[in-house]
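Next comes target.tsv, with TSV, C-alpha atoms and all ligand atoms.
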chain	number	residue	atom	x	y	z
O	1	MET	CA	-4.42	24.41	4.10
O	2	SER	CA	-4.39	21.41	6.37
O	3	ASP	CA	-1.53	20.55	8.68
O	4	ALA	CA	-0.21	18.05	6.08
O	5	THR	CA	3.29	18.51	4.66
O	6	PRO	CA	3.26	21.44	2.20
O	7	MET	CA	3.32	20.59	-1.49
O	8	ARG	CA	6.90	20.67	-2.79
O	9	LEU	CA	6.31	21.74	-6.36
O	10	THR	CA	8.53	21.38	-9.43
O	11	VAL	CA	7.32	22.99	-12.66
O	12	PHE	CA	8.30	21.78	-16.15
O	13	ALA	CA	8.22	24.39	-18.93
O	14	SER	CA	9.59	24.85	-22.44
O	15	GLY	CA	8.71	28.43	-23.29
O	16	GLY	CA	8.03	31.85	-21.81
O	17	GLY	CA	6.56	30.45	-18.63
O	18	THR	CA	3.63	32.78	-18.00
O	19	ASN	CA	1.75	29.93	-16.29
O	20	PHE	CA	4.84	29.26	-14.16
O	21	GLN	CA	4.85	32.96	-13.24
O	22	ARG	CA	1.20	32.85	-12.19
O	23	ILE	CA	1.92	29.85	-10.01
O	24	LEU	CA	4.78	31.73	-8.32
O	25	ASP	CA	2.53	34.80	-7.90
O	26	ALA	CA	-0.22	32.70	-6.32
O	27	ILE	CA	2.28	31.25	-3.86
O	28	ASP	CA	3.56	34.73	-3.00
O	29	ARG	CA	0.02	36.00	-2.43
O	30	GLY	CA	-0.85	33.12	-0.13
O	31	ARG	CA	-3.37	31.65	-2.57
O	32	LEU	CA	-1.37	28.50	-3.21
O	33	ASP	CA	0.11	26.57	-0.31
O	34	ALA	CA	3.17	25.21	-2.04
O	35	GLU	CA	6.90	25.58	-1.98
O	36	PRO	CA	8.40	26.07	-5.46
O	37	VAL	CA	11.41	23.75	-5.27
O	38	GLY	CA	12.45	23.64	-8.91
O	39	LEU	CA	12.00	24.42	-12.57
O	40	ILE	CA	12.99	21.97	-15.29
O	41	THR	CA	13.14	23.02	-18.92
O	42	ASN	CA	14.18	21.04	-21.99
O	43	ARG	CA	15.86	24.09	-23.53
O	44	ALA	CA	18.47	26.48	-22.21
O	45	ASP	CA	16.72	29.46	-23.87
O	46	ALA	CA	13.31	28.92	-22.22
O	47	GLY	CA	12.09	32.29	-20.90
O	48	ALA	CA	10.76	30.52	-17.81
O	49	ARG	CA	14.38	30.21	-16.60
O	50	GLU	CA	14.65	33.97	-16.07
O	51	ARG	CA	11.48	33.92	-14.00
O	52	ALA	CA	12.95	31.14	-11.85
O	53	GLU	CA	16.17	33.07	-11.39
O	54	ARG	CA	14.31	36.25	-10.35
O	55	HIS	CA	12.39	34.20	-7.84
O	56	GLY	CA	15.32	32.21	-6.46
O	57	VAL	CA	13.93	28.90	-7.73
O	58	PRO	CA	16.64	26.41	-8.80
O	59	ALA	CA	16.39	25.78	-12.54
O	60	ASP	CA	17.85	22.94	-14.62
O	61	VAL	CA	17.90	22.08	-18.29
O	62	VAL	CA	17.40	18.44	-19.22
O	63	ASP	CA	17.56	17.96	-22.98
O	64	PRO	CA	15.74	14.76	-24.01
O	65	ASP	CA	17.79	14.59	-27.20
O	66	ALA	CA	20.94	14.09	-25.12
O	67	PHE	CA	19.73	10.66	-23.94
O	68	ALA	CA	19.74	7.31	-25.70
O	69	ASP	CA	16.07	6.61	-24.88
O	70	PRO	CA	13.10	7.96	-22.91
O	71	THR	CA	13.93	5.76	-19.90
O	72	ASP	CA	17.35	7.42	-19.53
O	73	PHE	CA	15.76	10.85	-19.97
O	74	GLY	CA	13.29	9.86	-17.25
O	75	ARG	CA	16.06	8.74	-14.90
O	76	ALA	CA	17.73	12.14	-15.22
O	77	LEU	CA	14.42	13.87	-14.45
O	78	LEU	CA	13.77	11.59	-11.48
O	79	ASP	CA	17.24	12.28	-10.06
O	80	LEU	CA	16.49	16.02	-10.06
O	81	LEU	CA	12.98	15.61	-8.70
O	82	ARG	CA	14.25	13.42	-5.87
O	83	ASP	CA	17.19	15.73	-5.10
O	84	ARG	CA	14.64	18.46	-4.44
O	85	GLU	CA	12.24	16.19	-2.61
O	86	THR	CA	9.52	17.07	-5.11
O	87	SER	CA	6.09	15.87	-4.04
O	88	PHE	CA	4.11	17.32	-6.94
O	89	VAL	CA	4.86	18.19	-10.59
O	90	ALA	CA	3.05	20.79	-12.74
O	91	LEU	CA	3.64	20.78	-16.50
O	92	ALA	CA	3.24	24.34	-17.72
O	93	GLY	CA	3.84	24.49	-21.46
O	94	PHE	CA	6.27	21.56	-21.47
O	95	MET	CA	6.44	20.42	-25.08
O	96	ARG	CA	8.08	17.01	-24.70
O	97	LYS	CA	6.56	13.71	-23.73
O	98	ILE	CA	7.02	12.73	-20.10
O	99	PRO	CA	8.77	9.35	-19.93
O	100	ALA	CA	6.78	6.43	-18.49
O	101	ASN	CA	9.10	5.99	-15.49
O	102	VAL	CA	8.38	9.60	-14.41
O	103	VAL	CA	4.62	9.22	-14.99
O	104	ASP	CA	4.71	6.11	-12.86
O	105	ALA	CA	6.66	7.72	-10.02
O	106	TYR	CA	4.33	10.76	-9.88
O	107	ARG	CA	0.99	9.13	-10.77
O	108	GLY	CA	-1.76	11.19	-9.16
O	109	ALA	CA	0.78	13.90	-8.31
O	110	MET	CA	1.48	15.35	-11.76
O	111	VAL	CA	-0.83	17.64	-13.72
O	112	ASN	CA	-0.73	19.38	-17.09
O	113	ILE	CA	-2.54	22.41	-18.47
O	114	HIS	CA	-3.83	22.17	-22.03
O	115	PRO	CA	-5.16	25.15	-24.03
O	116	ALA	CA	-8.40	23.52	-25.25
O	117	LEU	CA	-11.38	21.58	-23.93
O	118	LEU	CA	-10.10	17.99	-23.83
O	119	PRO	CA	-10.64	15.43	-25.20
O	120	ALA	CA	-11.01	17.68	-28.27
O	121	PHE	CA	-7.88	19.14	-29.82
O	122	GLY	CA	-5.41	17.16	-27.73
O	123	GLY	CA	-2.82	14.51	-28.49
O	124	LYS	CA	0.48	14.39	-30.33
O	125	GLY	CA	1.33	17.61	-32.16
O	126	MET	CA	-1.43	19.52	-30.37
O	127	TYR	CA	0.52	22.10	-28.45
O	128	GLY	CA	0.81	25.87	-28.31
O	129	MET	CA	-0.49	27.72	-31.35
O	130	ASN	CA	-1.20	24.47	-33.27
O	131	VAL	CA	-4.12	23.90	-30.91
O	132	HIS	CA	-5.71	27.31	-31.50
O	133	ARG	CA	-5.21	27.01	-35.27
O	134	ALA	CA	-6.92	23.61	-35.28
O	135	VAL	CA	-9.81	24.94	-33.16
O	136	ILE	CA	-10.41	27.82	-35.56
O	137	ASP	CA	-10.01	25.68	-38.69
O	138	TYR	CA	-12.54	23.16	-37.36
O	139	GLY	CA	-15.05	25.92	-36.68
O	140	VAL	CA	-16.01	24.99	-33.12
O	141	HIS	CA	-17.74	27.76	-31.21
O	142	TRP	CA	-16.11	26.99	-27.87
O	143	SER	CA	-12.56	26.32	-26.80
O	144	GLY	CA	-11.15	26.63	-23.31
O	145	ALA	CA	-8.55	25.34	-20.90
O	146	THR	CA	-8.18	21.98	-19.16
O	147	VAL	CA	-6.12	20.91	-16.16
O	148	HIS	CA	-5.71	17.13	-16.08
O	149	LEU	CA	-3.69	14.47	-14.33
O	150	VAL	CA	-0.87	13.06	-16.43
O	151	ASP	CA	-0.84	9.47	-17.63
O	152	GLU	CA	1.14	7.66	-20.32
O	153	ALA	CA	-0.83	9.12	-23.26
O	154	TYR	CA	-0.68	12.73	-24.46
O	155	ASP	CA	-3.40	14.95	-22.94
O	156	HIS	CA	-5.31	11.91	-21.74
O	157	GLY	CA	-5.38	11.66	-17.93
O	158	PRO	CA	-8.42	12.37	-15.72
O	159	ILE	CA	-9.74	15.93	-15.92
O	160	VAL	CA	-9.47	18.10	-12.81
O	161	LEU	CA	-10.75	21.51	-13.96
O	162	GLN	CA	-12.06	22.92	-17.25
O	163	GLU	CA	-13.33	26.30	-18.28
O	164	PRO	CA	-14.81	27.21	-21.66
O	165	VAL	CA	-13.81	30.21	-23.77
O	166	PRO	CA	-16.02	31.33	-26.69
O	167	VAL	CA	-14.43	31.38	-30.15
O	168	ASP	CA	-15.16	34.65	-31.94
O	169	PRO	CA	-15.79	34.42	-35.72
O	170	ASP	CA	-12.99	36.95	-36.23
O	171	ASP	CA	-10.50	35.21	-33.94
O	172	THR	CA	-6.98	34.52	-35.12
O	173	PRO	CA	-4.98	31.78	-33.38
O	174	GLU	CA	-3.15	34.57	-31.54
O	175	SER	CA	-6.26	36.39	-30.32
O	176	LEU	CA	-7.84	33.13	-29.15
O	177	ALA	CA	-4.59	32.06	-27.46
O	178	GLU	CA	-4.56	35.29	-25.47
O	179	ARG	CA	-8.07	34.77	-24.09
O	180	VAL	CA	-7.45	31.09	-23.34
O	181	LEU	CA	-4.17	31.94	-21.61
O	182	ALA	CA	-5.97	34.39	-19.30
O	183	VAL	CA	-8.22	31.51	-18.22
O	184	GLU	CA	-5.23	29.17	-17.80
O	185	HIS	CA	-3.60	31.70	-15.49
O	186	ARG	CA	-6.69	31.69	-13.29
O	187	ILE	CA	-7.49	27.97	-13.17
O	188	TYR	CA	-3.99	26.49	-12.88
O	189	PRO	CA	-3.12	27.89	-9.43
O	190	LYS	CA	-6.69	27.07	-8.35
O	191	ALA	CA	-6.33	23.43	-9.45
O	192	LEU	CA	-2.98	23.12	-7.68
O	193	GLN	CA	-4.47	24.52	-4.49
O	194	LEU	CA	-7.16	21.79	-4.61
O	195	PHE	CA	-4.35	19.22	-4.51
O	196	ALA	CA	-2.53	21.16	-1.78
O	197	GLU	CA	-5.73	21.03	0.29
O	198	ASN	CA	-6.11	17.29	-0.44
O	199	ARG	CA	-9.55	17.90	-1.95
O	200	ILE	CA	-9.12	15.77	-5.08
O	201	ARG	CA	-10.51	12.22	-5.18
O	202	ARG	CA	-10.36	9.91	-8.19
O	203	ASP	CA	-12.72	7.19	-9.25
O	204	GLY	CA	-11.33	5.82	-12.51
O	205	ARG	CA	-11.42	8.73	-14.96
O	206	ARG	CA	-13.75	10.74	-12.78
O	207	VAL	CA	-12.38	13.39	-10.46
O	208	ARG	CA	-14.44	14.59	-7.53
O	209	ILE	CA	-13.64	17.85	-5.78
O	210	LEU	CA	-14.37	17.73	-2.07
O	211	SER	CA	-15.83	20.76	-0.28
O	212	PRO	CA	-13.39	22.72	1.88
O	213	SER	CA	-13.18	21.29	5.40
O	301	LIG	C1	0.07	27.40	-22.63
O	301	LIG	O1	-0.98	27.88	-23.42
O	301	LIG	C2	-0.15	25.92	-22.33
O	301	LIG	O2	-1.48	25.56	-22.16
O	301	LIG	C3	0.39	25.32	-23.59
O	301	LIG	O3	1.55	26.05	-23.88
O	301	LIG	C4	1.38	27.40	-23.41
O	301	LIG	C5	2.56	27.77	-22.55
O	301	LIG	O4	2.52	29.12	-22.21
O	301	LIG	N1	0.66	23.91	-23.40
O	301	LIG	C6	0.47	23.01	-24.34
O	301	LIG	O5	0.09	23.28	-25.46
O	301	LIG	C7	0.76	21.57	-23.93
O	301	LIG	N2	0.06	20.65	-24.78
O	301	LIG	P1	3.44	29.70	-21.04
O	301	LIG	O6	4.87	29.23	-21.32
O	301	LIG	O7	3.32	31.17	-21.19
O	301	LIG	O8	2.91	29.19	-19.73

Please re-express this file's structure in structure tokens.
Ligand code: GAR
Amino acid sequence: MSDATPMRLTVFASGGGTNFQRILDAIDRGRLDAEPVGLITNRADAGARERAERHGVPADVVDPDAFADPTDFGRALLDLLRDRETSFVALAGFMRKIPANVVDAYRGAMVNIHPALLPAFGGKGMYGMNVHRAVIDYGVHWSGATVHLVDEAYDHGPIVLQEPVPVDPDDTPESLAERVLAVEHRIYPKALQLFAENRIRRDGRRVRILSPS
């Protein structure tokens, strides 16, 4: 890591939070130079909250349905992010759309992990097991995992890292999800570390990864 200010990372999650856990593990093992400053979930029963508690990471619930519109939801998120001096946001299984005011405030400093090879099998409704079901139903031979920057459209921003996973003819959505998740766990901390090392450069949609200095 350079002598730049360490990445102050907030993770957004909706579910069990295994990706969140891997991020925390990578930080603990010195493989990710980041300080985990917060977890935000949209549901009080998200399993990720227990992981945050075990790790001493402050966790908050912000329910989008409690706000009149996405802008108000975004303001509540921004208040929390600013309270914790968040410099970078990682979406890890967050199943709600990020409001435009948050996208704008963290443009270039917010990534998502998607359980398929984008731009295939992304977009509205393509989350969690729906993705793996669609992949199998379509009959593609390869799926995978994608880390991408977040913009205003679902699963659309510039791609940072991708890794393919073969689809077995006997796969069920669950068996495929398990193999894709193992890849997610490996590439997400790696992608975040590239940002922490300031090795990501963007040229329109294209992302270039600089060699380590
Ligand atoms: C992961 O597979 C992630 O890629 C997916 O939800 C799962 C969350 O698992 N995200 C999406 O589908 C977003 N479009 P986790 O809670 O165990 O990290």

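One finds atom CA of O:Pro36 at 17.7 Å from atom CA of O:Asn198.
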
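Counting only C-alpha atoms and all ligand atoms and comparing O:Ile98, O:Met7, O:Leu192, O:Leu78, the residue that lies closest to ligand LIG 301 (chain O) is O:Ile98.
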
Give the answer as one residue: which of O:Leu181, O:Met129, O:Ile200, O:Val103 has the shortest atom-to-atom distance to O:Tyr154, using all atoms listed in the file?
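Among the listed residues, O:Val103 lies closest to O:Tyr154.
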
List as an MDAnalysis selection string the protein and nucleic acid residues near O:Phe195, meaning an atom at most 12 Å away when only C-alpha atoms are counted, but skip any in the same chain fewer than 2 places from it.
chainID O and resid 1:2 4:9 32:34 87:90 108:111 147:149 160:161 188:193 197:202 207:210 212

Interface rows for chain O against ligand LIG 301 (chain O): nearest pair, Å to one decimal, 9 Å, all atoms listed in the file, as JSON lines:
{"residue": "O:Ala13", "atom": "CA", "partner": "O:LIG301", "partner_atom": "O6", "distance": 6.4}
{"residue": "O:Ser14", "atom": "CA", "partner": "O:LIG301", "partner_atom": "O6", "distance": 6.5}
{"residue": "O:Gly15", "atom": "CA", "partner": "O:LIG301", "partner_atom": "O6", "distance": 4.4}
{"residue": "O:Gly16", "atom": "CA", "partner": "O:LIG301", "partner_atom": "O6", "distance": 4.1}
{"residue": "O:Gly17", "atom": "CA", "partner": "O:LIG301", "partner_atom": "O6", "distance": 3.4}
{"residue": "O:Thr18", "atom": "CA", "partner": "O:LIG301", "partner_atom": "O7", "distance": 3.6}
{"residue": "O:Asn19", "atom": "CA", "partner": "O:LIG301", "partner_atom": "O8", "distance": 3.7}
{"residue": "O:Phe20", "atom": "CA", "partner": "O:LIG301", "partner_atom": "O8", "distance": 5.9}
{"residue": "O:Gln21", "atom": "CA", "partner": "O:LIG301", "partner_atom": "O8", "distance": 7.8}
{"residue": "O:Arg22", "atom": "CA", "partner": "O:LIG301", "partner_atom": "O8", "distance": 8.6}
{"residue": "O:Ala46", "atom": "CA", "partner": "O:LIG301", "partner_atom": "O6", "distance": 8.5}
{"residue": "O:Gly47", "atom": "CA", "partner": "O:LIG301", "partner_atom": "O6", "distance": 7.9}
{"residue": "O:Ala48", "atom": "CA", "partner": "O:LIG301", "partner_atom": "O6", "distance": 7.0}
{"residue": "O:Leu91", "atom": "CA", "partner": "O:LIG301", "partner_atom": "C7", "distance": 8.0}
{"residue": "O:Ala92", "atom": "CA", "partner": "O:LIG301", "partner_atom": "O8", "distance": 5.3}
{"residue": "O:Gly93", "atom": "CA", "partner": "O:LIG301", "partner_atom": "O3", "distance": 3.7}
{"residue": "O:Phe94", "atom": "CA", "partner": "O:LIG301", "partner_atom": "C7", "distance": 6.0}
{"residue": "O:Met95", "atom": "CA", "partner": "O:LIG301", "partner_atom": "C7", "distance": 5.9}
{"residue": "O:Arg96", "atom": "CA", "partner": "O:LIG301", "partner_atom": "C7", "distance": 8.7}
{"residue": "O:Asn112", "atom": "CA", "partner": "O:LIG301", "partner_atom": "C7", "distance": 7.3}
{"residue": "O:Ile113", "atom": "CA", "partner": "O:LIG301", "partner_atom": "O2", "distance": 5.0}
{"residue": "O:His114", "atom": "CA", "partner": "O:LIG301", "partner_atom": "O2", "distance": 4.1}
{"residue": "O:Pro115", "atom": "CA", "partner": "O:LIG301", "partner_atom": "O2", "distance": 4.1}
{"residue": "O:Ala116", "atom": "CA", "partner": "O:LIG301", "partner_atom": "O2", "distance": 7.8}
{"residue": "O:Gly122", "atom": "CA", "partner": "O:LIG301", "partner_atom": "N2", "distance": 7.1}
{"residue": "O:Gly123", "atom": "CA", "partner": "O:LIG301", "partner_atom": "N2", "distance": 7.7}
{"residue": "O:Lys124", "atom": "CA", "partner": "O:LIG301", "partner_atom": "N2", "distance": 8.4}
{"residue": "O:Gly125", "atom": "CA", "partner": "O:LIG301", "partner_atom": "N2", "distance": 8.1}
{"residue": "O:Met126", "atom": "CA", "partner": "O:LIG301", "partner_atom": "N2", "distance": 5.9}
{"residue": "O:Tyr127", "atom": "CA", "partner": "O:LIG301", "partner_atom": "O5", "distance": 3.2}
{"residue": "O:Gly128", "atom": "CA", "partner": "O:LIG301", "partner_atom": "O5", "distance": 3.9}
{"residue": "O:Met129", "atom": "CA", "partner": "O:LIG301", "partner_atom": "O5", "distance": 7.4}
{"residue": "O:Asn130", "atom": "CA", "partner": "O:LIG301", "partner_atom": "O5", "distance": 8.0}
{"residue": "O:Val131", "atom": "CA", "partner": "O:LIG301", "partner_atom": "O5", "distance": 6.9}
{"residue": "O:Ala145", "atom": "CA", "partner": "O:LIG301", "partner_atom": "O2", "distance": 7.2}
{"residue": "O:Thr146", "atom": "CA", "partner": "O:LIG301", "partner_atom": "O2", "distance": 8.2}
{"residue": "O:Val147", "atom": "CA", "partner": "O:LIG301", "partner_atom": "O2", "distance": 8.9}
{"residue": "O:Tyr154", "atom": "CA", "partner": "O:LIG301", "partner_atom": "N2", "distance": 8.0}
{"residue": "O:Asp155", "atom": "CA", "partner": "O:LIG301", "partner_atom": "N2", "distance": 6.9}
{"residue": "O:Ala177", "atom": "CA", "partner": "O:LIG301", "partner_atom": "O1", "distance": 6.8}
{"residue": "O:Glu178", "atom": "CA", "partner": "O:LIG301", "partner_atom": "O1", "distance": 8.5}
{"residue": "O:Val180", "atom": "CA", "partner": "O:LIG301", "partner_atom": "O1", "distance": 7.2}
{"residue": "O:Leu181", "atom": "CA", "partner": "O:LIG301", "partner_atom": "O1", "distance": 5.5}
{"residue": "O:Glu184", "atom": "CA", "partner": "O:LIG301", "partner_atom": "O2", "distance": 6.8}
{"residue": "O:His185", "atom": "CA", "partner": "O:LIG301", "partner_atom": "O8", "distance": 8.2}

Between O:Arg107, O:Ile187, O:Gly157, O:Glu53, which is the closest to O:Gly144 once you count only C-alpha atoms?
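Comparing O:Arg107, O:Ile187, O:Gly157, O:Glu53 against O:Gly144, the winner is O:Ile187.
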
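Pairwise distance (atom CA of O:Asp63, atom CA of O:Pro99) equals 12.7 Å.
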
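The space between atom CA of O:Ala59 and atom CA of O:Asp104 spans 22.9 Å.
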
3 Å per side around stretch 45-56 of chain O: axis-aligned box centre and edge lengths, as lines of an AutoDock Vina configuration file:
center_x = 13.7
center_y = 32.6
center_z = -15.2
size_x = 12.0
size_y = 13.3
size_z = 23.4

Closest of O:Asp137, O:Glu50, O:Asp69, O:Glu35 to O:Pro169, counting only C-alpha atoms, is O:Asp137

As a list in words, please: the residues near O:Asp79 (cut-off 12 Å, only C-alpha atoms, same-chain neighbours under 2 positions excluded).
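In the requested form, the answer reads Ile40, Asp60, Val62, Asp72, Phe73, Gly74, Arg75, Ala76, Leu77, Leu81, Arg82, Asp83, Arg84, Glu85, Thr86, Asn101, Val102 and Ala105 of chain O.
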
Which residue is closest to O:Pro173? Choose from O:Ala153, O:Ala100, O:Ile23, O:Val135 and count all atoms listed in the file.
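So, comparing all the options, the nearest one is O:Val135.
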
Applying 8 Å and only C-alpha atoms, which residues near O:Ile136 remain after dropping the ones on its own chain fewer than 4 positions away? List them as number ranges by chain.
O: 132, 140, 167, 171-173

Identify which of the residues O:Leu80, O:Thr71, O:Ala66, O:Glu174 lies closest to O:Thr10, counting all atoms listed in the file when measuring atom-to-atom distances.
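Under the stated criterion, the closest residue is O:Leu80.
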